[in-house]
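Trainee: One structure is given below, represented as structure tokens, and several questions about it will come after.
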Amino acid sequence: HRLSLAACLSEILPPSFWKQVRQEFNDFDSGQTRWSLPLCWYTGVFMALSTAGSMQERFECACECVTELYIKRKRCGKTLAGYTKALSRLPLAFFARVRSRMQKNLEANRIQAARVGRWDAYALDGSKQNIPRTQPHELSYGLTTKGTAHGAGAPQLQVVAAVAMGKNVMWDWECASALVGEREMALRIIARLPAFSLAVLDAGFLGYEWAQAIQTLNRHFLVRVGSNVRLWVEDLNKTMRAEWKDGEVWLWPDGKHRLAPLVLRLIRLETTAQASRTKNEMWLVTNVLDESKLTRVEAADLYQKRWRANECTFRDWKKTLDESKLESRTPDMAEREQELGLCAMQVL
């Protein structure tokens, strides 16, 4: 590409976007002399992309990048303390505007980031981040890890992210304490996905209220299930049980028998271990009841692509960008550092 990095970033987030968000978050810019909204965001993203060790070194590197890329703009501040003070005032709602703008940018360039075959598919999964064990973090997020003989547990933050499976692009995310359930966070993301899209998830997400809510939202899901999920089959007897492979099932927990069962479709897949060459079986469940709309082959292909979309994206985010542990010692700064790291991954 012959465009400079500054031109590429300006294409992703054009001046019209910055004009709009600066009007929306006018309170942030009022009284700021050195740290405008764009300078705050660009500096934070370059800090997330920096390979330097300490926060001070990353800050200095980011300031040099911003100064070189945007020569005509007002110079940013020179101290990490001043930047931290300004960043703590940055509204968290601003990051949602950035995510939305990046999604629209893909659509404007006719890039179908989520398209896999006939479906717009999004892989969802969660991951945890370590944070400094400070008193503000413990009070805000609680103790997540188990205590040991050497001390009590530690707080953690959790991210549930949706990756557009066609291009493996970080699409959307939810952040909270690691004590918050992944199922609840995933449901908020699925509600923001395009209508009639397909969410592909690993085991542990399926639940009666969760699946019912997705039905109401006109979204679809494909989830792996194990022995911890109890499913009902109409008119099943001992003779059929040995031969029965897949088909219509009911999700109907014992505590929900006063309500109607949720009708789903179970799909059986055969897998072969690469090392031992032994054959195993894997079960997927979906609310796409019509097999002509989601065939067994398509379901197997989608679930196979989930690994590359989720696990590899999280690995790049946590290892390549070194986001497995945050440096900020207060909840306000940790949340913003977390969002900037996710924005950096989305930009890439």
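By convention in this document, the chains of the structure tokens carry letters A, B, ... by their order, each chain's residues are numbered from 1, and ligands are numbered from 1 in the order they are shown.
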Write down as a ChimeraX atom specification the residues of region 33-232 of chain A whose backbone DSSP state falls under helix (DSSP H, G or I).

Mentor: /A:37-49,55-69,80-87,93-108,135-141,182-192,208-216

Trainee: Extract, using only C-alpha atoms, all DNA, RNA and protein residues at most 12 Å from region 91-96 of chain A, discarding same-chain residues fewer than 4 positions from it, and format them as a PyMOL selection string.

Mentor: chain A and resi 17-18+20-29+37-38+40-41+44-45+86-87+100-103+171-175+189+192+332-344+346

Trainee: In terms of the shortest atom-to-atom distance over only C-alpha atoms, which of A:Gly82, A:Pro132, A:Pro155, A:Gly255 is closest to Ser328 (chain A)?

Mentor: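 Ranking A:Gly82, A:Pro132, A:Pro155, A:Gly255 by distance to Ser328 (chain A), first place goes to A:Pro132.
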
Trainee: Name the residues in contact with Arg58 (chain A) at a cut-off of 7 Å, using only C-alpha atoms, excluding same-chain residues fewer than 6 positions from it; report them as a ChimeraX atom specification.

Mentor: /A:47,50,52

Trainee: Those same residues, written as a CSV table (one decimal), in the first residue's frame with C-alpha atoms?

Mentor:
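The file below, part_27.csv, is the result:
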```
chain,number,residue,atom,x,y,z
A,47,MET,CA,0.8,2.5,23.7
A,50,SER,CA,4.2,-0.6,21.6
A,52,ALA,CA,8.3,-1.3,25.2
```

Trainee: Which residue gives the smallest distance to Gln212 (chain A) among A:Gln158, A:Ser227, A:Asn287, A:Thr278, with only C-alpha atoms counted?

Mentor: A:Asn287

Trainee: Which residues of region 144-219 of chain A come within 9 Å of region 114-130 of chain A, and for each one, what is the closest pair of atoms and their distance in Å to one decimal, counting only C-alpha atoms, sorted by chain and residue number, as CSV?

Mentor:
```
residue,atom,partner,partner_atom,distance
A:Ala154,CA,A:Asn130,CA,8.3
A:Pro155,CA,A:Asn130,CA,7.2
A:Gln156,CA,A:Asn130,CA,5.0
A:Leu157,CA,A:Gln129,CA,5.1
A:Gln158,CA,A:Lys128,CA,4.3
A:Val159,CA,A:Ser127,CA,5.4
A:Val160,CA,A:Gly126,CA,4.1
A:Ala161,CA,A:Leu124,CA,5.6
A:Ala162,CA,A:Leu124,CA,4.5
A:Val163,CA,A:Ala123,CA,5.2
A:Ala164,CA,A:Ala114,CA,4.2
A:Met165,CA,A:Ala114,CA,4.9
A:Gly166,CA,A:Ala114,CA,4.3
A:Lys167,CA,A:Ala114,CA,6.5
A:Asn168,CA,A:Ala114,CA,7.8
A:Val169,CA,A:Ala114,CA,8.1
A:Trp171,CA,A:Tyr122,CA,8.3
A:Ser177,CA,A:Lys128,CA,8.9
A:Ala178,CA,A:Lys128,CA,6.7
A:Glu182,CA,A:Gly126,CA,6.5
A:Ala186,CA,A:Leu124,CA,7.0
A:Ile189,CA,A:Leu124,CA,8.8
A:Ile190,CA,A:Leu124,CA,8.9
A:Leu193,CA,A:Tyr122,CA,8.5
A:Pro194,CA,A:Asp120,CA,8.4
A:Phe196,CA,A:Asp120,CA,8.1
A:Ser197,CA,A:Asp120,CA,5.1
A:Leu198,CA,A:Ala121,CA,4.7
A:Ala199,CA,A:Tyr122,CA,5.0
A:Val200,CA,A:Ala123,CA,4.7
A:Leu201,CA,A:Leu124,CA,5.4
A:Asp202,CA,A:Asp125,CA,7.2
```

Trainee: Would you list the contacts of Arg133 (chain A) as a ChimeraX atom specification, taking every protein, DNA or RNA residue within 12 Å and counting only C-alpha atoms, but skipping same-chain residues closer than 3 positions in sequence?

Mentor: /A:130,136-145,151-157,325-331,334

Trainee: What's the 12 Å shell around Ala6 (chain A), counting only C-alpha atoms, without same-chain residues fewer than 6 positions away, as a list in words?

Mentor: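 Residues near the query, excluding close chain neighbours: Ile12, Leu13, Pro14, Tyr42, Cys65, Val66, Thr67, Glu68, Leu69, Tyr70, Ile71 and Lys72 of chain A.
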
Trainee: Go ahead and save the picked residues with all heavy atoms, as a compact mmCIF listing (two decimals), in the first residue's frame.

Mentor:
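The resulting part_20.txt:
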```txt
# COMPACT_ATOMS: atom_id res chain seq x y z
N ILE A 12 -9.99 4.99 8.22
CA ILE A 12 -10.80 4.22 9.17
C ILE A 12 -11.64 5.15 10.04
O ILE A 12 -12.84 4.94 10.23
CB ILE A 12 -9.89 3.34 10.04
CG1 ILE A 12 -9.16 2.31 9.17
CG2 ILE A 12 -10.70 2.62 11.12
CD1 ILE A 12 -8.12 1.51 9.92
N LEU A 13 -11.01 6.19 10.58
CA LEU A 13 -11.69 7.17 11.42
C LEU A 13 -11.51 8.54 10.79
O LEU A 13 -10.58 9.27 11.13
CB LEU A 13 -11.12 7.13 12.85
CG LEU A 13 -11.24 5.79 13.59
CD1 LEU A 13 -10.57 5.88 14.93
CD2 LEU A 13 -12.69 5.38 13.75
N PRO A 14 -12.39 8.92 9.87
CA PRO A 14 -12.22 10.17 9.12
C PRO A 14 -12.52 11.41 9.98
O PRO A 14 -13.07 11.29 11.08
CB PRO A 14 -13.25 10.03 7.99
CG PRO A 14 -14.31 9.15 8.55
CD PRO A 14 -13.60 8.19 9.45
N TYR A 42 -5.53 8.06 19.99
CA TYR A 42 -4.38 7.63 19.20
C TYR A 42 -3.20 7.27 20.10
O TYR A 42 -2.51 6.27 19.87
CB TYR A 42 -3.97 8.71 18.20
CG TYR A 42 -4.83 8.75 16.96
CD1 TYR A 42 -5.55 9.88 16.60
CD2 TYR A 42 -4.92 7.63 16.13
CE1 TYR A 42 -6.34 9.92 15.46
CE2 TYR A 42 -5.70 7.65 14.99
CZ TYR A 42 -6.41 8.80 14.67
OH TYR A 42 -7.19 8.82 13.53
N CYS A 65 5.20 8.67 17.94
CA CYS A 65 4.43 8.21 16.78
C CYS A 65 3.36 9.23 16.40
O CYS A 65 3.21 9.59 15.23
CB CYS A 65 3.78 6.86 17.08
SG CYS A 65 4.93 5.49 17.19
N VAL A 66 2.61 9.69 17.39
CA VAL A 66 1.53 10.64 17.13
C VAL A 66 2.08 11.95 16.57
O VAL A 66 1.53 12.54 15.63
CB VAL A 66 0.71 10.89 18.41
CG1 VAL A 66 -0.31 12.00 18.20
CG2 VAL A 66 0.00 9.61 18.84
N THR A 67 3.20 12.41 17.13
CA THR A 67 3.80 13.66 16.66
C THR A 67 4.28 13.54 15.21
O THR A 67 4.10 14.45 14.40
CB THR A 67 4.98 14.04 17.57
OG1 THR A 67 4.52 14.17 18.91
CG2 THR A 67 5.59 15.36 17.13
N GLU A 68 4.89 12.41 14.87
CA GLU A 68 5.38 12.20 13.51
C GLU A 68 4.24 12.05 12.50
O GLU A 68 4.33 12.55 11.37
CB GLU A 68 6.28 10.96 13.46
CG GLU A 68 7.65 11.16 14.06
CD GLU A 68 8.50 12.12 13.24
OE1 GLU A 68 8.36 12.13 12.00
OE2 GLU A 68 9.28 12.90 13.83
N LEU A 69 3.18 11.35 12.91
CA LEU A 69 2.08 11.08 11.98
C LEU A 69 1.22 12.30 11.72
O LEU A 69 0.70 12.49 10.62
CB LEU A 69 1.22 9.94 12.50
CG LEU A 69 1.85 8.54 12.44
CD1 LEU A 69 0.94 7.53 13.12
CD2 LEU A 69 2.09 8.11 11.00
N TYR A 70 1.04 13.11 12.75
CA TYR A 70 0.12 14.25 12.64
C TYR A 70 0.87 15.53 12.97
O TYR A 70 0.73 16.12 14.04
CB TYR A 70 -1.07 14.05 13.59
CG TYR A 70 -1.78 12.74 13.33
CD1 TYR A 70 -1.59 11.65 14.16
CD2 TYR A 70 -2.62 12.59 12.22
CE1 TYR A 70 -2.23 10.44 13.91
CE2 TYR A 70 -3.26 11.39 11.96
CZ TYR A 70 -3.06 10.33 12.81
OH TYR A 70 -3.67 9.13 12.55
N ILE A 71 1.71 15.94 12.01
CA ILE A 71 2.60 17.09 12.22
C ILE A 71 1.81 18.38 12.40
O ILE A 71 2.17 19.25 13.20
CB ILE A 71 3.59 17.22 11.04
CG1 ILE A 71 4.45 15.96 10.95
CG2 ILE A 71 4.45 18.46 11.17
CD1 ILE A 71 5.36 15.92 9.74
N LYS A 72 0.70 18.52 11.68
CA LYS A 72 -0.04 19.77 11.70
C LYS A 72 -0.96 19.91 12.91
O LYS A 72 -1.53 20.97 13.14
CB LYS A 72 -0.87 19.91 10.43
CG LYS A 72 -0.02 20.02 9.16
CD LYS A 72 -0.89 20.19 7.93
CE LYS A 72 -0.04 20.30 6.67
NZ LYS A 72 -0.89 20.46 5.45
```

Trainee: Please give the complete set of residues from region 40-181 of chain A that DSSP, run on the backbone, assigns to strand (DSSP E or B), formatted as a VMD selection string.

Mentor: chain A and resid 115 to 116 119 to 130 148 151 156 to 164 169 to 177

Trainee: Using only C-alpha atoms, find the one residue out of A:Ser36, A:Ile214, A:Asp301, A:Ser16 that sits nearest to Ala191 (chain A).

Mentor: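 Going through A:Ser36, A:Ile214, A:Asp301, A:Ser16 one by one, the smallest distance to Ala191 (chain A) is for A:Ile214.
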
Trainee: For the atom pair CA of Leu289 (chain A) and CA of Val263 (chain A), what is the interatomic distance in Å to one decimal place?

Mentor: 8.3 Å

Trainee: Do you know which residues are at most 9 Å from Glu234 (chain A) counting only C-alpha atoms, after dropping those on the same chain fewer than 2 positions away, and could you put them as a PyMOL selection string?

Mentor: chain A and resi 232+236+248-250

Trainee: Would you work out the distance separating CA of Arg219 (chain A) from CA of Val233 (chain A), expressed in Å to one decimal?

Mentor: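 Distance reported for this atom pair: 23.8 Å.
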
Trainee: When you draw a straight line from CA of Thr33 (chain A) to CA of Cys76 (chain A), how long is it in Å?

Mentor: 8.8 Å
